$ cat run_12.txt   # compact mmCIF, C-alpha atoms and all ligand atoms
# COMPACT_ATOMS: atom_id res chain seq x y z
CA MET A 261 0.00 0.00 0.00
CA THR A 262 1.53 3.33 -0.98
CA ALA A 263 0.96 6.51 0.91
CA GLU A 264 1.06 8.74 -2.16
CA VAL A 265 -0.30 12.22 -1.55
CA LEU A 266 -1.76 14.04 -4.53
CA TYR A 267 -1.21 17.78 -4.84
CA VAL A 268 -1.63 20.60 -7.36
CA ILE A 269 0.13 23.59 -5.79
CA GLY A 270 3.89 23.28 -5.45
CA ASP A 271 6.06 25.31 -3.12
CA GLY A 272 7.29 27.93 -5.54
CA ALA A 273 10.81 26.53 -5.13
CA GLY A 274 11.88 22.90 -5.74
CA VAL A 275 8.40 21.35 -5.94
CA PRO A 276 6.72 22.35 -9.23
CA ASP A 277 3.04 23.19 -9.64
CA ASN A 278 0.88 20.60 -11.38
CA ASP A 279 -1.78 21.53 -13.94
CA VAL A 280 -4.80 23.54 -12.80
CA PRO A 281 -7.63 21.00 -12.34
CA GLU A 282 -9.90 20.63 -15.35
CA GLY A 283 -12.86 22.97 -15.48
CA LEU A 284 -11.36 25.73 -13.31
CA SER A 285 -10.88 29.17 -14.90
CA ASN A 286 -8.85 32.01 -13.41
CA LYS A 287 -12.13 33.47 -12.18
CA ASP A 288 -12.81 30.23 -10.29
CA LEU A 289 -9.36 30.33 -8.72
CA VAL A 290 -9.99 33.83 -7.42
CA ALA A 291 -13.48 32.88 -6.16
CA LEU A 292 -11.99 29.92 -4.32
CA TYR A 293 -9.27 32.11 -2.79
CA ARG A 294 -11.89 34.62 -1.58
CA ARG A 295 -13.67 31.77 0.21
CA LEU A 296 -10.48 30.63 1.88
CA VAL A 297 -9.86 34.14 3.15
CA LEU A 298 -13.43 34.50 4.42
CA LEU A 299 -13.15 31.22 6.35
CA ARG A 300 -9.76 32.21 7.78
CA THR A 301 -11.04 35.62 8.86
CA PHE A 302 -14.09 34.09 10.51
CA ASP A 303 -11.95 31.59 12.40
CA GLU A 304 -9.42 34.14 13.67
CA ARG A 305 -12.18 36.48 14.80
CA ALA A 306 -14.06 33.68 16.53
CA VAL A 307 -10.98 32.76 18.58
CA ALA A 308 -10.61 36.41 19.63
CA LEU A 309 -14.31 36.59 20.57
CA GLN A 310 -13.97 33.49 22.74
CA ARG A 311 -10.94 34.99 24.50
CA GLN A 312 -13.00 38.11 25.21
CA GLY A 313 -15.87 36.05 26.63
CA ARG A 314 -18.23 37.07 23.82
CA ILE A 315 -18.83 33.50 22.56
CA GLY A 316 -18.36 30.12 24.25
CA THR A 317 -15.77 27.43 23.61
CA TYR A 318 -14.81 27.38 19.95
CA ALA A 319 -13.32 24.65 17.70
CA LEU A 320 -10.85 26.43 15.44
CA TYR A 321 -9.98 25.11 11.98
CA TRP A 322 -6.92 27.31 11.24
CA GLY A 323 -5.07 25.59 8.36
CA GLU A 324 -8.00 23.36 7.32
CA GLU A 325 -9.75 25.96 5.13
CA GLY A 326 -8.69 24.15 1.93
CA THR A 327 -10.42 20.95 3.09
CA GLN A 328 -13.67 22.93 3.25
CA ALA A 329 -13.66 25.52 0.46
CA GLY A 330 -11.98 23.10 -1.99
CA PRO A 331 -14.51 20.23 -1.85
CA LEU A 332 -17.43 22.65 -1.60
CA TYR A 333 -16.35 24.31 -4.83
CA ALA A 334 -16.84 20.93 -6.53
CA CYS A 335 -20.43 20.58 -5.28
CA ASP A 336 -23.65 21.54 -7.00
CA ASP A 337 -26.12 23.67 -5.07
CA ARG A 338 -28.31 20.55 -4.94
CA ASP A 339 -25.77 18.54 -2.97
CA TRP A 340 -26.06 18.27 0.79
CA LEU A 341 -23.27 19.14 3.23
CA PHE A 342 -22.80 17.33 6.54
CA PRO A 343 -20.21 19.20 8.61
CA SER A 344 -18.65 18.32 11.94
CA TYR A 345 -17.81 21.03 14.51
CA ARG A 346 -14.48 21.55 12.70
CA GLN A 347 -16.28 22.74 9.53
CA ASN A 348 -18.62 24.91 11.59
CA ALA A 349 -18.56 27.90 9.21
CA ILE A 350 -18.92 25.97 5.96
CA GLY A 351 -22.59 26.97 5.75
CA VAL A 352 -21.39 30.57 5.32
CA LEU A 353 -20.15 29.56 1.86
CA ARG A 354 -23.70 28.38 1.16
CA GLY A 355 -25.40 31.59 2.27
CA VAL A 356 -25.83 31.02 6.00
CA ALA A 357 -25.21 34.38 7.72
CA PRO A 358 -21.85 34.35 9.53
CA SER A 359 -23.62 35.99 12.47
CA THR A 360 -25.80 32.85 12.75
CA VAL A 361 -22.74 30.62 13.05
CA LEU A 362 -21.22 32.93 15.67
CA ALA A 363 -24.56 32.84 17.49
CA TRP A 364 -24.32 29.02 17.48
CA TRP A 365 -21.06 29.31 19.37
CA ARG A 366 -22.64 31.82 21.70
CA GLY A 367 -25.45 29.35 22.34
CA TYR A 368 -28.59 31.13 21.13
CA GLY A 369 -29.69 32.03 17.61
CA GLY A 370 -33.10 33.54 18.30
CA ARG A 371 -36.55 31.99 18.57
CA HIS A 372 -36.20 30.25 15.21
CA GLY A 373 -32.99 28.44 16.19
CA PHE A 374 -30.08 28.63 13.78
CA TRP A 375 -30.57 27.86 10.09
CA ASN A 376 -33.03 25.83 8.13
CA PRO A 377 -31.00 22.86 6.78
CA ARG A 378 -33.31 22.54 3.76
CA GLU A 379 -32.79 26.15 2.74
CA HIS A 380 -29.00 25.84 2.52
CA ARG A 381 -28.73 22.08 2.09
CA THR A 382 -26.38 22.21 5.04
CA ALA A 383 -27.06 19.86 7.94
CA PRO A 384 -26.68 21.13 11.51
CA ILE A 385 -23.14 21.21 12.92
CA CYS A 386 -22.48 17.74 14.32
CA VAL A 387 -20.59 17.46 17.61
CA PRO A 388 -20.96 13.74 18.44
CA ILE A 389 -18.19 12.09 16.45
CA ALA A 390 -19.34 10.29 13.26
CA THR A 391 -23.07 10.29 14.04
CA HIS A 392 -23.76 12.45 10.97
CA LEU A 393 -22.27 9.87 8.59
CA PRO A 394 -25.28 7.50 8.52
CA HIS A 395 -27.46 10.61 8.01
CA ALA A 396 -25.38 11.68 5.00
CA VAL A 397 -25.71 8.19 3.52
CA GLY A 398 -29.44 8.04 4.22
CA LEU A 399 -29.96 11.33 2.44
CA ALA A 400 -28.07 10.23 -0.67
CA TRP A 401 -29.87 6.88 -0.61
CA ALA A 402 -33.25 8.63 -0.48
CA ALA A 403 -32.19 10.80 -3.41
CA LYS A 404 -31.20 7.69 -5.35
CA ILE A 405 -34.57 6.04 -4.69
CA ARG A 406 -36.31 9.21 -5.91
CA ARG A 407 -34.00 9.34 -8.92
CA GLU A 408 -32.77 12.82 -7.96
CA PRO A 409 -29.19 13.75 -8.98
CA VAL A 410 -28.24 14.73 -5.44
CA ALA A 411 -25.04 13.74 -3.66
CA SER A 412 -23.98 14.20 -0.06
CA ILE A 413 -20.58 15.01 1.33
CA ALA A 414 -19.67 14.43 4.95
CA TRP A 415 -16.59 15.77 6.72
CA PHE A 416 -15.03 13.97 9.67
CA GLY A 417 -11.65 13.51 11.32
CA ASP A 418 -9.13 10.71 11.65
CA GLY A 419 -10.56 9.96 15.10
CA ALA A 420 -14.03 9.38 13.62
CA THR A 421 -12.75 6.35 11.71
CA SER A 422 -12.60 4.46 15.02
CA GLU A 423 -16.35 4.88 15.55
CA GLY A 424 -18.91 2.22 14.65
CA ASP A 425 -21.04 4.83 12.87
CA TRP A 426 -18.23 5.37 10.37
CA HIS A 427 -17.98 1.68 9.48
CA GLU A 428 -21.76 1.29 9.27
CA ALA A 429 -22.08 4.31 7.01
CA MET A 430 -19.20 3.20 4.76
CA ASN A 431 -20.61 -0.30 4.42
CA PHE A 432 -24.19 0.78 3.75
CA ALA A 433 -23.12 3.41 1.21
CA SER A 434 -21.06 0.90 -0.72
CA VAL A 435 -23.64 -1.92 -0.68
CA PHE A 436 -26.39 0.41 -1.91
CA LYS A 437 -24.02 2.37 -4.18
CA VAL A 438 -25.12 5.79 -2.96
CA ALA A 439 -23.52 9.08 -3.97
CA THR A 440 -21.82 10.00 -0.70
CA VAL A 441 -18.33 11.46 -0.49
CA PHE A 442 -16.62 10.54 2.79
CA PHE A 443 -14.20 13.39 3.31
CA CYS A 444 -11.73 12.56 6.08
CA VAL A 445 -9.65 15.45 7.33
CA ASN A 446 -6.68 13.53 8.69
CA ASN A 447 -5.07 16.22 10.83
CA GLN A 448 -3.19 13.46 12.69
CA TRP A 449 -4.73 14.28 16.08
CA ALA A 450 -7.97 13.45 17.85
CA ILE A 451 -7.63 15.87 20.77
CA SER A 452 -4.53 14.34 22.44
CA THR A 453 -4.63 10.96 20.64
CA PRO A 454 -2.03 10.85 17.84
CA PHE A 455 -2.69 9.10 14.52
CA SER A 456 -0.32 6.26 15.50
CA LYS A 457 -2.67 5.33 18.36
CA GLN A 458 -5.79 5.69 16.21
CA THR A 459 -5.21 2.97 13.63
CA ALA A 460 -2.68 0.30 12.71
CA THR A 461 -2.92 1.12 9.00
CA GLU A 462 -0.47 3.49 7.37
CA THR A 463 -3.24 5.60 5.83
CA ILE A 464 -6.97 6.17 6.16
CA SER A 465 -7.57 5.94 2.42
CA GLU A 466 -6.50 2.27 2.26
CA LYS A 467 -9.47 1.36 4.47
CA ALA A 468 -11.71 2.01 1.45
CA ALA A 469 -10.63 -1.37 0.02
CA ALA A 470 -12.51 -3.21 2.78
CA TYR A 471 -15.73 -1.59 1.57
CA ALA A 472 -14.97 -2.02 -2.14
CA MET A 473 -14.95 1.70 -2.79
CA PRO A 474 -12.19 3.92 -4.19
CA GLY A 475 -9.87 5.57 -1.68
CA VAL A 476 -7.84 8.66 -2.54
CA ARG A 477 -5.20 10.46 -0.52
CA VAL A 478 -4.64 14.15 -1.18
CA ASP A 479 -2.63 16.97 0.34
CA GLY A 480 -5.13 18.52 2.78
CA PHE A 481 -3.27 21.83 2.75
CA ASP A 482 -3.86 22.11 -1.01
CA PRO A 483 -7.36 23.48 -1.79
CA LEU A 484 -7.06 22.51 -5.45
CA ALA A 485 -6.14 18.90 -4.71
CA CYS A 486 -9.15 18.72 -2.35
CA TYR A 487 -11.29 20.21 -5.11
CA ALA A 488 -10.07 17.83 -7.81
CA ALA A 489 -10.53 14.66 -5.76
CA THR A 490 -14.04 15.69 -4.67
CA SER A 491 -15.03 16.66 -8.18
CA GLN A 492 -14.13 13.18 -9.48
CA ALA A 493 -15.83 11.48 -6.55
CA LEU A 494 -19.06 13.43 -7.09
CA GLU A 495 -19.08 12.65 -10.77
CA ARG A 496 -18.60 8.95 -10.06
CA GLY A 497 -21.35 9.03 -7.44
CA ARG A 498 -23.83 10.78 -9.71
CA ASN A 499 -23.14 8.25 -12.46
CA GLY A 500 -24.09 5.38 -10.19
CA GLY A 501 -20.51 4.51 -9.20
CA GLY A 502 -21.23 4.72 -5.48
CA PRO A 503 -19.27 6.38 -2.66
CA THR A 504 -15.62 7.44 -2.40
CA LEU A 505 -13.36 7.85 0.60
CA ILE A 506 -11.04 10.86 0.40
CA GLU A 507 -8.28 11.30 2.95
CA ALA A 508 -7.06 14.88 3.14
CA PHE A 509 -3.71 14.47 4.81
CA CYS A 510 -2.67 17.51 6.84
CA TYR A 511 -1.87 18.45 10.43
CA ARG A 512 -3.88 20.14 13.17
CA LEU A 513 -1.91 23.38 13.35
CA GLY A 514 -3.72 24.84 16.34
CA ALA A 515 -5.31 23.57 19.52
CA HIS A 516 -8.23 21.12 19.40
CA GLY A 517 -10.39 23.95 20.66
CA THR A 518 -10.14 27.06 22.79
CA ALA A 519 -10.29 24.91 25.95
CA ASP A 520 -7.28 22.80 24.91
CA ASP A 521 -3.53 23.30 25.40
CA PRO A 522 -1.61 21.06 22.97
CA LYS A 523 1.73 21.90 24.64
CA LEU A 524 0.70 19.42 27.31
CA TYR A 525 0.80 16.44 24.94
CA ARG A 526 2.76 17.21 21.77
CA ASP A 527 5.90 18.90 20.56
CA GLU A 528 4.76 22.25 19.19
CA SER A 529 7.85 22.59 16.99
CA GLU A 530 6.26 19.86 14.84
CA ALA A 531 3.16 22.04 14.31
CA GLN A 532 5.47 24.92 13.48
CA ARG A 533 7.08 22.88 10.67
CA TRP A 534 3.72 21.97 9.13
CA ARG A 535 2.57 25.58 9.35
CA THR A 536 4.64 26.54 6.30
CA LEU A 537 2.20 24.48 4.18
CA GLU A 538 -1.00 26.25 5.34
CA PRO A 539 -3.45 26.81 2.49
CA VAL A 540 -4.29 30.52 2.50
CA ASN A 541 -0.80 31.90 1.97
CA ARG A 542 0.03 28.92 -0.21
CA MET A 543 -2.86 29.71 -2.56
CA ALA A 544 -2.01 33.43 -2.49
CA SER A 545 1.60 32.73 -3.56
CA TYR A 546 0.30 30.41 -6.27
CA LEU A 547 -2.04 33.08 -7.66
CA LEU A 548 0.79 35.61 -7.60
CA ARG A 549 2.98 33.11 -9.47
CA LEU A 550 0.27 32.60 -12.08
CA GLY A 551 -0.18 36.37 -12.39
CA VAL A 552 -3.89 36.00 -11.66
CA LEU A 553 -3.77 38.40 -8.69
CA ASP A 554 -1.35 41.04 -7.47
CA ASP A 555 -0.53 42.30 -3.98
CA ASP A 556 -3.22 45.01 -4.13
CA ASP A 557 -5.85 42.38 -4.98
CA LEU A 558 -4.77 40.27 -2.02
CA GLN A 559 -5.04 43.31 0.23
CA SER A 560 -8.51 44.22 -0.91
CA ILE A 561 -9.81 40.62 -0.65
CA GLY A 562 -8.51 40.54 2.94
CA ALA A 563 -10.12 43.89 3.77
CA GLU A 564 -13.45 42.82 2.28
CA ALA A 565 -13.50 39.66 4.43
CA LYS A 566 -12.66 41.65 7.58
CA LYS A 567 -15.56 44.00 6.87
CA THR A 568 -18.00 41.10 6.38
CA ILE A 569 -17.00 39.44 9.64
CA ALA A 570 -16.99 42.72 11.63
CA GLN A 571 -20.58 43.26 10.48
CA ALA A 572 -21.41 39.66 11.47
CA VAL A 573 -20.10 40.24 15.01
CA HIS A 574 -22.29 43.31 15.26
CA GLU A 575 -25.35 41.35 14.09
CA MET A 576 -24.63 38.44 16.41
CA GLU A 577 -24.42 40.75 19.41
CA ALA A 578 -27.70 42.42 18.44
CA ILE A 579 -29.55 39.12 19.01
CA ALA A 580 -31.29 39.55 22.37
CA GLN A 581 -30.18 36.86 24.80
CA PRO A 582 -32.79 35.00 26.80
CA GLY A 583 -32.43 34.35 30.52
CA ARG A 584 -31.03 31.04 31.68
CA GLU A 585 -34.63 29.93 32.37
CA ILE A 586 -34.82 28.99 28.69
CA LEU A 587 -32.93 25.84 29.61
CA PHE A 588 -36.18 24.46 30.98
CA ASP A 589 -38.40 25.45 28.04
CA HIS A 590 -39.36 23.51 24.92
CA VAL A 591 -37.97 20.19 26.14
CA TYR A 592 -41.35 18.45 26.54
CA ALA A 593 -44.41 19.30 24.44
CA SER A 594 -46.55 18.45 27.45
CA GLY A 595 -45.05 21.12 29.73
CA ARG A 596 -42.57 20.89 32.58
CA PRO A 597 -42.19 17.83 34.77
CA TRP A 598 -41.79 18.41 38.54
CA SER A 599 -38.04 17.93 38.33
CA PHE A 600 -37.81 20.87 35.92
CA ASP A 601 -39.99 23.02 38.21
CA GLU A 602 -37.57 22.32 41.02
CA GLY A 603 -34.55 23.13 38.83
CA LEU A 604 -36.11 26.36 37.67
CA ALA A 605 -36.96 27.38 41.24
CA GLU A 606 -33.40 26.68 42.28
CA LEU A 607 -32.04 28.73 39.37
CA GLN A 608 -34.28 31.65 40.26
CA GLY A 609 -33.30 31.39 43.89
CA THR A 610 -36.95 31.19 44.96
CA ASP A 611 -36.57 27.81 46.50
CA ARG A 612 -33.87 25.62 47.85
CA PRO A 613 -33.51 22.11 46.51
CA PRO A 614 -35.07 19.65 48.94
CA ALA A 615 -32.55 18.81 51.64
CA VAL A 616 -31.28 15.27 51.48
CA LYS A 617 -32.86 13.50 54.45
CA PRO A 618 -30.45 11.30 56.36
CA LEU A 619 -31.46 7.67 56.23
CA ALA A 620 -32.92 6.27 59.42
CA PRO A 621 -30.39 4.01 61.12
CA GLN A 622 -30.92 0.45 59.94
CA PRO A 623 -30.59 -2.42 62.38
CA GLY A 624 -27.40 -4.17 61.33
CA PRO A 625 -26.22 -7.68 62.03
CA SER A 626 -24.95 -8.02 65.57
CA THR A 627 -21.16 -7.84 65.70
CA GLY A 628 -21.09 -9.04 69.24
CA ASP A 629 -18.85 -6.02 69.90
CA ALA A 630 -20.30 -4.02 72.77
CA GLU A 631 -17.96 -1.10 71.95
CA ALA A 632 -19.33 -0.59 68.39
CA PRO A 633 -21.04 2.82 68.08
CA ALA A 634 -24.78 2.75 67.48
CA GLY A 635 -25.98 2.85 63.92
CA THR A 636 -22.83 1.58 62.22
C1 LIG B 1 -19.21 10.08 20.19
C2 LIG B 1 -18.22 11.04 20.75
N1 LIG B 1 -17.22 10.59 21.53
C3 LIG B 1 -16.31 11.46 22.05
C4 LIG B 1 -16.41 12.80 21.79
C5 LIG B 1 -15.38 13.75 22.37
N2 LIG B 1 -14.55 14.29 21.30
C6 LIG B 1 -14.74 15.50 20.80
S1 LIG B 1 -13.68 15.86 19.56
C7 LIG B 1 -12.90 14.35 19.70
C8 LIG B 1 -11.74 14.00 18.80
C9 LIG B 1 -12.13 13.81 17.38
O1 LIG B 1 -10.98 13.74 16.57
P1 LIG B 1 -11.07 13.67 15.01
O2 LIG B 1 -12.16 12.75 14.60
O3 LIG B 1 -9.71 13.37 14.51
O4 LIG B 1 -11.53 15.13 14.58
P2 LIG B 1 -10.76 16.53 14.79
O5 LIG B 1 -11.19 17.04 16.14
O6 LIG B 1 -9.30 16.28 14.73
O7 LIG B 1 -11.25 17.40 13.71
C10 LIG B 1 -13.50 13.60 20.70
C11 LIG B 1 -13.04 12.26 21.10
C12 LIG B 1 -17.48 13.24 21.00
N3 LIG B 1 -17.65 14.52 20.69
N4 LIG B 1 -18.37 12.35 20.49
MG MG B 2 -8.23 14.68 13.86

$ encode --input "run_12.txt" --output "structure tokens" --more "lines below"
Ligand SMILES: Cc1ncc(C[n+]2csc(CCOP(=O)(O)OP(=O)(O)O)c2C)c(N)n1
Ligand SMILES: [Mg+2]
Amino acid sequence: MTAEVLYVIGDGAGVPDNDVPEGLSNKDLVALYRRLVLLRTFDERAVALQRQGRIGTYALYWGEEGTQAGPLYACDDRDWLFPSYRQNAIGVLRGVAPSTVLAWWRGYGGRHGFWNPREHRTAPICVPIATHLPHAVGLAWAAKIRREPVASIAWFGDGATSEGDWHEAMNFASVFKVATVFFCVNNQWAISTPFSKQTATETISEKAAAYAMPGVRVDGFDPLACYAATSQALERGRNGGGPTLIEAFCYRLGAHGTADDPKLYRDESEAQRWRTLEPVNRMASYLLRLGVLDDDDLQSIGAEAKKTIAQAVHEMEAIAQPGREILFDHVYASGRPWSFDEGLAELQGTDRPPAVKPLAPQPGPSTGDAEAPAGT
């Protein structure tokens, strides 16, 4: 089994660029770059907001923008996206307001919730590892039964491949030949668990063989390689060829989330070495090399993204926050059970929780020890 990694963008020095993937014009390259910059700007701002206490814990994706914007650029508007927490802002590229995604991280999006998955064909952000994979397969299977040319693409990490849901989804998709793209972002870490403790195989992509589906391994820091592999997988899926497993090989450059400190479990100089491959500057240098953009263009694309996200922060903070009492609302259609009434009363400070009554002393077996204290 080889661990070949496919790439398009070289390093501008010894590693040459490969051909621009078929079907992409210069205009497409610029559109794709704009998306990378928007995602990056969102992510950096979200981390700052968490540090300032303006949103809750946040799962940053710094360096993984190419694994999101690349594959999405290959999708039709009809295709459905199934993100994990790491692709939390991908809906923004489908028209979800960035303020709505920030509100998700703050915990409240308004009375209507967050976004309507049907409107943007973007499933809710999935936090439980791999549970969205059977959903992605089910959706593509339903589309197949209805003879609709709709595919689904689901993102997940290297850690997710150890979950039963992943195996079930892979097997089902292959048996029923549904158009699902399994897009694994192998960033080599699942919180503090390194890739070497995750699987005994050399790669994730080779696991595709066990399900009789194609497996491809691409450079996850290369947006164009991610695009090209997804584009081929979608075409195969739509033509009845079934699912594909794509492994986007990269490295988690930042912390797992804002509550994590990777210095406690890994050598950060390793992350530093991988950082030189990150996709936003890599794509910018590539576009400069091609002469498609100049420095002024890069500047103005950056400024435009900053403006969009600044406006989003403003909109997010304009959403009136409910009191904590909302925790007890809308859980049961039939109203609140007594345990919720008690919790609410405790929260409001109008009542104390019932004191725990000490158990009455039970007669125990006689120890024959006259010195033993009563009740023991
Ligand atoms: C079913 C389940 N088990 C455990 C967790 C706790 N958890 C959150 S993120 C994570 C690691 C996932 O790693 P990976 O799949 O590689 O994705 P990454 O975070 O690297 O994007 C774990 C174990 C969870 N969210 N869901
Ligand atoms: Mg991972």

$ residues_near_ligand --input "run_12.txt" --ligand "ligand LIG 1 (chain B)" --cutoff "9 Å" --atoms "all atoms listed in the file" --output "ChimeraX atom specification"
/A:319,321,344-347,386-391,415-423,444-455,458,511-512,516-517

$ closest_residue --input "run_12.txt" --among "A:Gly500, A:Gly316, A:Pro394, A:Pro384" --to "A:Ala363" --atoms "all atoms listed in the file"
A:Gly316

$ closest_residue --input "run_12.txt" --among "A:Ala493, A:Leu399, A:Cys510, A:Ala357" --to "ligand MG 2 (chain B)" --atoms "all atoms listed in the file"
A:Cys510

$ residues_around --input "run_12.txt" --residues "A:Pro276" --least-positions-apart "5" --cutoff "12 Å" --atoms "only C-alpha atoms" --output "list in words"
Tyr267, Val268, Ile269, Gly270, Asp271, Tyr546 and Arg549 of chain A

$ residues_around --input "run_12.txt" --residues "A:Val435" --least-positions-apart "5" --cutoff "9 Å" --atoms "all atoms listed in the file" --output "list in words"
Met430, Tyr471, Ala472 and Gly502 of chain A

$ residues_near_point --input "run_12.txt" --point "(-20.1, 28.8, -0.2)" --cutoff "9 Å" --atoms "all atoms listed in the file" --output "number ranges by chain"
A: 295, 329, 332-333, 350-356

$ closest_residue --input "run_12.txt" --among "A:Lys437, A:Arg338, A:Lys457, A:Arg535" --to "ligand MG 2 (chain B)" --atoms "all atoms listed in the file"
A:Lys457

$ closest_residue --input "run_12.txt" --among "A:Thr301, A:Asn376, A:Ser529, A:Ser456" --to "ligand MG 2 (chain B)" --atoms "all atoms listed in the file"
A:Ser456

$ closest_residue --input "run_12.txt" --among "A:Ile586, A:Arg294, A:Arg381, A:Gly514" --to "ligand MG 2 (chain B)" --atoms "all atoms listed in the file"
A:Gly514
